[in-house]
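Just below is one structure, and these are the notes that go with it.
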Amino acid sequence: MKQTITILAILIATLQSQAQRSIKFGVSAYYVPIGMQKEGTSPFLFLNSAQSAGLELSFAPIKKSSTRIKLAADYIMGSNNKESITTYAKENKIEYTNYKFSTTKPSGFSIMSSPQFMLFPKSKNKKLPLMWLDLKVGALFSNNQSIQFLNIKDEKLAEVKSNAVNFVYNPTLVFNVIKTKKLFFNLKVGYSNWGGVGIGVGIAESDCRAIHCNRCPAPGCCNPCGSSSFNDSEN
């Protein structure tokens, strides 16, 4: 975890030094329909589904490059899966009458960084959408939810706690659905180690890096191609 924080600190310092060089911004919303539960390793307990909203910024470390460096911050809110609670209790032979969460719903805040690669920048297929691959990794800070299993006298039989801080990864494919002179409207599909498969949408600034892209209005245009900018949250 110390290594993750150090990497993020270096990235933030680098972004500040690059502030005058093509930093791009975006907003995103993400939905994770299926969750996973692992005692002692999951940032959320018995996750049923989750939604997130976030901000991203990115920059191209090398001029005329189709690769960017991205920093993403997302706020996550979810709901608990009651069926998973019952299944967990049976598997661990906890004969409970009732249960109580320390907080009603799981929530958290993630900070991730990633290289972002533009896929097929030299393709001449006009019908092929602009696509990018984000390899996001970072830290997730949760509200440290816990659940107590109680007997008929409301006495605690067992307790399960989530971790307050977790290492997370979220590789994501980004597909451009609509592009204008100034904006990308994107669809995202990703997988995270805390929530499984998720889908999302994002709005990002178009990226003008003067690189050659056959799907731009003109070769080396100062318009929407380069590498993608800032997009969606991704869990």
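Chain lettering (A, B, ...) mirrors the order of the structure tokens, residue numbering begins at 1 for each chain separately, and ligand numbering begins at 1 in order of display.
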(Q) Residues near range 85-94 of chain A, anyone? I mean within 7 Å using only C-alpha atoms, not counting same-chain ones fewer than 3 positions away, as an MDAnalysis selection string. (A) chainID A and resid 46 81:82
List as a PyMOL selection string the protein and nucleic acid residues near Phe141 in chain A, meaning an atom at most 6 Å away when only C-alpha atoms are counted, but skip any in the same chain fewer than 5 places from it. chain A and resi 108-109+164-165
Given the selection you just returned, output its residues as a file containing all heavy atoms, formatted as a PDB file, in the first residue's frame.
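After the write, part12.pdb holds the following:
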ATOM      1  N   GLY A 108     -17.317   4.145  -0.725  1.00  0.00           N
ATOM      2  CA  GLY A 108     -15.868   4.292  -0.732  1.00  0.00           C
ATOM      3  C   GLY A 108     -15.406   5.313  -1.747  1.00  0.00           C
ATOM      4  O   GLY A 108     -16.201   5.864  -2.529  1.00  0.00           O
ATOM      5  N   PHE A 109     -14.108   5.556  -1.733  1.00  0.00           N
ATOM      6  CA  PHE A 109     -13.484   6.530  -2.618  1.00  0.00           C
ATOM      7  C   PHE A 109     -12.218   5.886  -3.180  1.00  0.00           C
ATOM      8  O   PHE A 109     -11.391   5.379  -2.425  1.00  0.00           O
ATOM      9  CB  PHE A 109     -13.143   7.795  -1.838  1.00  0.00           C
ATOM     10  CG  PHE A 109     -12.490   8.866  -2.668  1.00  0.00           C
ATOM     11  CD1 PHE A 109     -13.253   9.676  -3.494  1.00  0.00           C
ATOM     12  CD2 PHE A 109     -11.118   9.058  -2.633  1.00  0.00           C
ATOM     13  CE1 PHE A 109     -12.663  10.665  -4.261  1.00  0.00           C
ATOM     14  CE2 PHE A 109     -10.519  10.047  -3.391  1.00  0.00           C
ATOM     15  CZ  PHE A 109     -11.290  10.852  -4.211  1.00  0.00           C
ATOM     16  N   ALA A 164     -10.439  -1.244   5.423  1.00  0.00           N
ATOM     17  CA  ALA A 164     -10.604   0.193   5.212  1.00  0.00           C
ATOM     18  C   ALA A 164      -9.875   0.659   3.959  1.00  0.00           C
ATOM     19  O   ALA A 164     -10.332   1.571   3.270  1.00  0.00           O
ATOM     20  CB  ALA A 164     -10.108   0.966   6.434  1.00  0.00           C
ATOM     21  N   VAL A 165      -8.734   0.029   3.640  1.00  0.00           N
ATOM     22  CA  VAL A 165      -7.941   0.406   2.474  1.00  0.00           C
ATOM     23  C   VAL A 165      -7.590  -0.864   1.696  1.00  0.00           C
ATOM     24  O   VAL A 165      -7.182  -1.865   2.286  1.00  0.00           O
ATOM     25  CB  VAL A 165      -6.643   1.138   2.876  1.00  0.00           C
ATOM     26  CG1 VAL A 165      -5.879   1.585   1.628  1.00  0.00           C
ATOM     27  CG2 VAL A 165      -6.947   2.330   3.766  1.00  0.00           C
TER      28      VAL A 165
END
Pick from A:Ala29, A:Val168, A:Leu135, A:Leu130, whichever lies nearest to Ile111 in chain A using only C-alpha atoms
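Smallest separation from Ile111 in chain A among the options: A:Val168.
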From a backbone DSSP assignment, name each residue in range 40-216 of chain A labelled strand (DSSP E), as a CSV table (one decimal) with C-alpha atoms, in the first residue's frame.
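This is the output file result.csv:
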chain,number,residue,atom,x,y,z
A,47,LEU,CA,-22.0,-6.4,-2.4
A,48,ASN,CA,-25.1,-6.6,-4.5
A,49,SER,CA,-24.5,-3.7,-6.9
A,50,ALA,CA,-22.7,-0.4,-6.9
A,51,GLN,CA,-22.7,2.9,-8.8
A,52,SER,CA,-19.9,5.4,-9.0
A,53,ALA,CA,-19.3,8.9,-10.3
A,54,GLY,CA,-15.9,10.4,-10.9
A,55,LEU,CA,-13.5,12.7,-12.5
A,56,GLU,CA,-10.4,12.0,-14.6
A,57,LEU,CA,-7.5,13.9,-16.0
A,58,SER,CA,-4.8,12.7,-18.4
A,59,PHE,CA,-1.8,14.0,-20.4
A,67,THR,CA,-0.4,6.8,-25.2
A,68,ARG,CA,-1.5,8.9,-22.3
A,69,ILE,CA,-1.2,8.8,-18.5
A,70,LYS,CA,-4.4,9.0,-16.6
A,71,LEU,CA,-5.4,9.8,-13.0
A,72,ALA,CA,-9.0,8.9,-11.9
A,73,ALA,CA,-10.9,9.6,-8.7
A,74,ASP,CA,-14.3,8.0,-8.1
A,75,TYR,CA,-16.9,8.0,-5.3
A,76,ILE,CA,-18.7,4.6,-5.0
A,77,MET,CA,-22.0,3.7,-3.3
A,78,GLY,CA,-23.5,0.3,-3.2
A,79,SER,CA,-26.1,-2.0,-1.7
A,80,ASN,CA,-25.9,-5.3,0.3
A,98,ASN,CA,-30.7,-11.4,13.2
A,99,TYR,CA,-27.8,-9.4,11.9
A,100,LYS,CA,-26.7,-5.8,12.1
A,101,PHE,CA,-24.5,-3.7,9.9
A,107,SER,CA,-19.4,3.3,0.2
A,108,GLY,CA,-15.9,4.3,-0.7
A,109,PHE,CA,-13.5,6.5,-2.6
A,110,SER,CA,-10.9,5.3,-5.1
A,111,ILE,CA,-7.8,6.9,-6.6
A,112,MET,CA,-6.3,5.1,-9.6
A,113,SER,CA,-3.7,5.8,-12.2
A,114,SER,CA,-3.0,4.1,-15.5
A,115,PRO,CA,-1.4,4.2,-18.9
A,116,GLN,CA,-4.1,4.6,-21.6
A,117,PHE,CA,-3.4,3.2,-25.0
A,118,MET,CA,-5.3,4.1,-28.2
A,119,LEU,CA,-6.1,0.9,-30.1
A,131,MET,CA,-11.0,2.7,-28.8
A,132,TRP,CA,-8.7,2.9,-25.8
A,133,LEU,CA,-7.4,0.4,-23.2
A,134,ASP,CA,-7.0,1.7,-19.6
A,135,LEU,CA,-5.0,-0.4,-17.2
A,136,LYS,CA,-6.0,1.3,-13.9
A,137,VAL,CA,-4.5,0.4,-10.5
A,138,GLY,CA,-4.6,2.2,-7.2
A,139,ALA,CA,-6.2,2.3,-3.8
A,140,LEU,CA,-9.8,2.1,-2.6
A,141,PHE,CA,-10.8,3.7,0.8
A,142,SER,CA,-14.0,2.2,2.1
A,146,SER,CA,-18.9,-4.5,9.4
A,147,ILE,CA,-21.7,-7.0,10.1
A,148,GLN,CA,-22.6,-8.7,13.4
A,149,PHE,CA,-24.6,-12.0,13.4
A,150,LEU,CA,-26.8,-12.0,16.5
A,156,LYS,CA,-23.0,-11.4,19.0
A,157,LEU,CA,-22.2,-14.8,17.5
A,158,ALA,CA,-19.7,-13.6,14.9
A,159,GLU,CA,-18.5,-10.5,13.1
A,160,VAL,CA,-17.2,-9.8,9.6
A,161,LYS,CA,-15.3,-6.6,8.7
A,165,VAL,CA,-7.9,0.4,2.5
A,166,ASN,CA,-7.5,-2.0,-0.5
A,167,PHE,CA,-5.3,-2.3,-3.5
A,168,VAL,CA,-7.6,-2.3,-6.6
A,169,TYR,CA,-7.3,-2.8,-10.3
A,170,ASN,CA,-9.7,-2.1,-13.1
A,171,PRO,CA,-8.7,-2.8,-16.7
A,172,THR,CA,-11.2,-1.1,-19.0
A,173,LEU,CA,-12.0,-0.9,-22.6
A,174,VAL,CA,-13.3,2.5,-23.8
A,175,PHE,CA,-15.4,2.8,-27.0
A,176,ASN,CA,-16.2,6.2,-28.5
A,177,VAL,CA,-19.9,6.3,-29.4
A,178,ILE,CA,-20.2,10.0,-30.4
A,179,LYS,CA,-17.5,12.5,-31.1
A,183,LEU,CA,-16.0,16.2,-26.8
A,184,PHE,CA,-15.9,12.4,-26.7
A,185,PHE,CA,-19.0,10.5,-25.5
A,186,ASN,CA,-17.8,7.1,-24.5
A,187,LEU,CA,-19.0,3.7,-23.4
A,188,LYS,CA,-16.8,1.7,-21.0
A,189,VAL,CA,-16.6,-2.0,-20.1
A,190,GLY,CA,-14.3,-3.1,-17.3
A,191,TYR,CA,-13.5,-5.6,-14.7
A,192,SER,CA,-12.4,-4.8,-11.1
A,196,GLY,CA,-16.5,-7.9,-11.0
A,197,VAL,CA,-17.8,-6.7,-14.4
A,198,GLY,CA,-19.0,-3.2,-14.8
A,199,ILE,CA,-20.3,-0.9,-17.5
A,200,GLY,CA,-20.2,2.9,-17.7
A,201,VAL,CA,-20.4,6.1,-19.7
A,202,GLY,CA,-18.1,9.1,-19.8
A,203,ILE,CA,-17.8,12.5,-21.4
A,204,ALA,CA,-14.2,13.6,-22.2
A,205,GLU,CA,-12.4,16.5,-23.9
Practice problem: Grab the CA of Thr180 in chain A to CA of Ser123 in chain A distance for me, in Å with one decimal place. | Solution: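 Taking CA of Thr180 in chain A and CA of Ser123 in chain A, their separation equals 19.5 Å.
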From the DSSP assignment of the backbone, select every residue of range 70-193 of chain A that is helix (DSSP H, G or I), and format the answer as a list in words.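 Everything in range 70-193 of chain A that counts as helix (DSSP H, G or I) is Lys82, Glu83, Ser84, Ile85, Thr86, Thr87, Tyr88, Ala89, Lys90 and Glu91 of chain A.
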message = Between CA of Lys24 in chain A and CA of Ser66 in chain A, what distance in Å does the model show, to one decimal?
response =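 It comes out at 13.7 Å.
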key: Distance of CA of Lys182 in chain A from CA of Ser28 in chain A, expressed in Å to one decimal place   =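 CA of Lys182 in chain A lies at a distance of 16.5 Å from CA of Ser28 in chain A.
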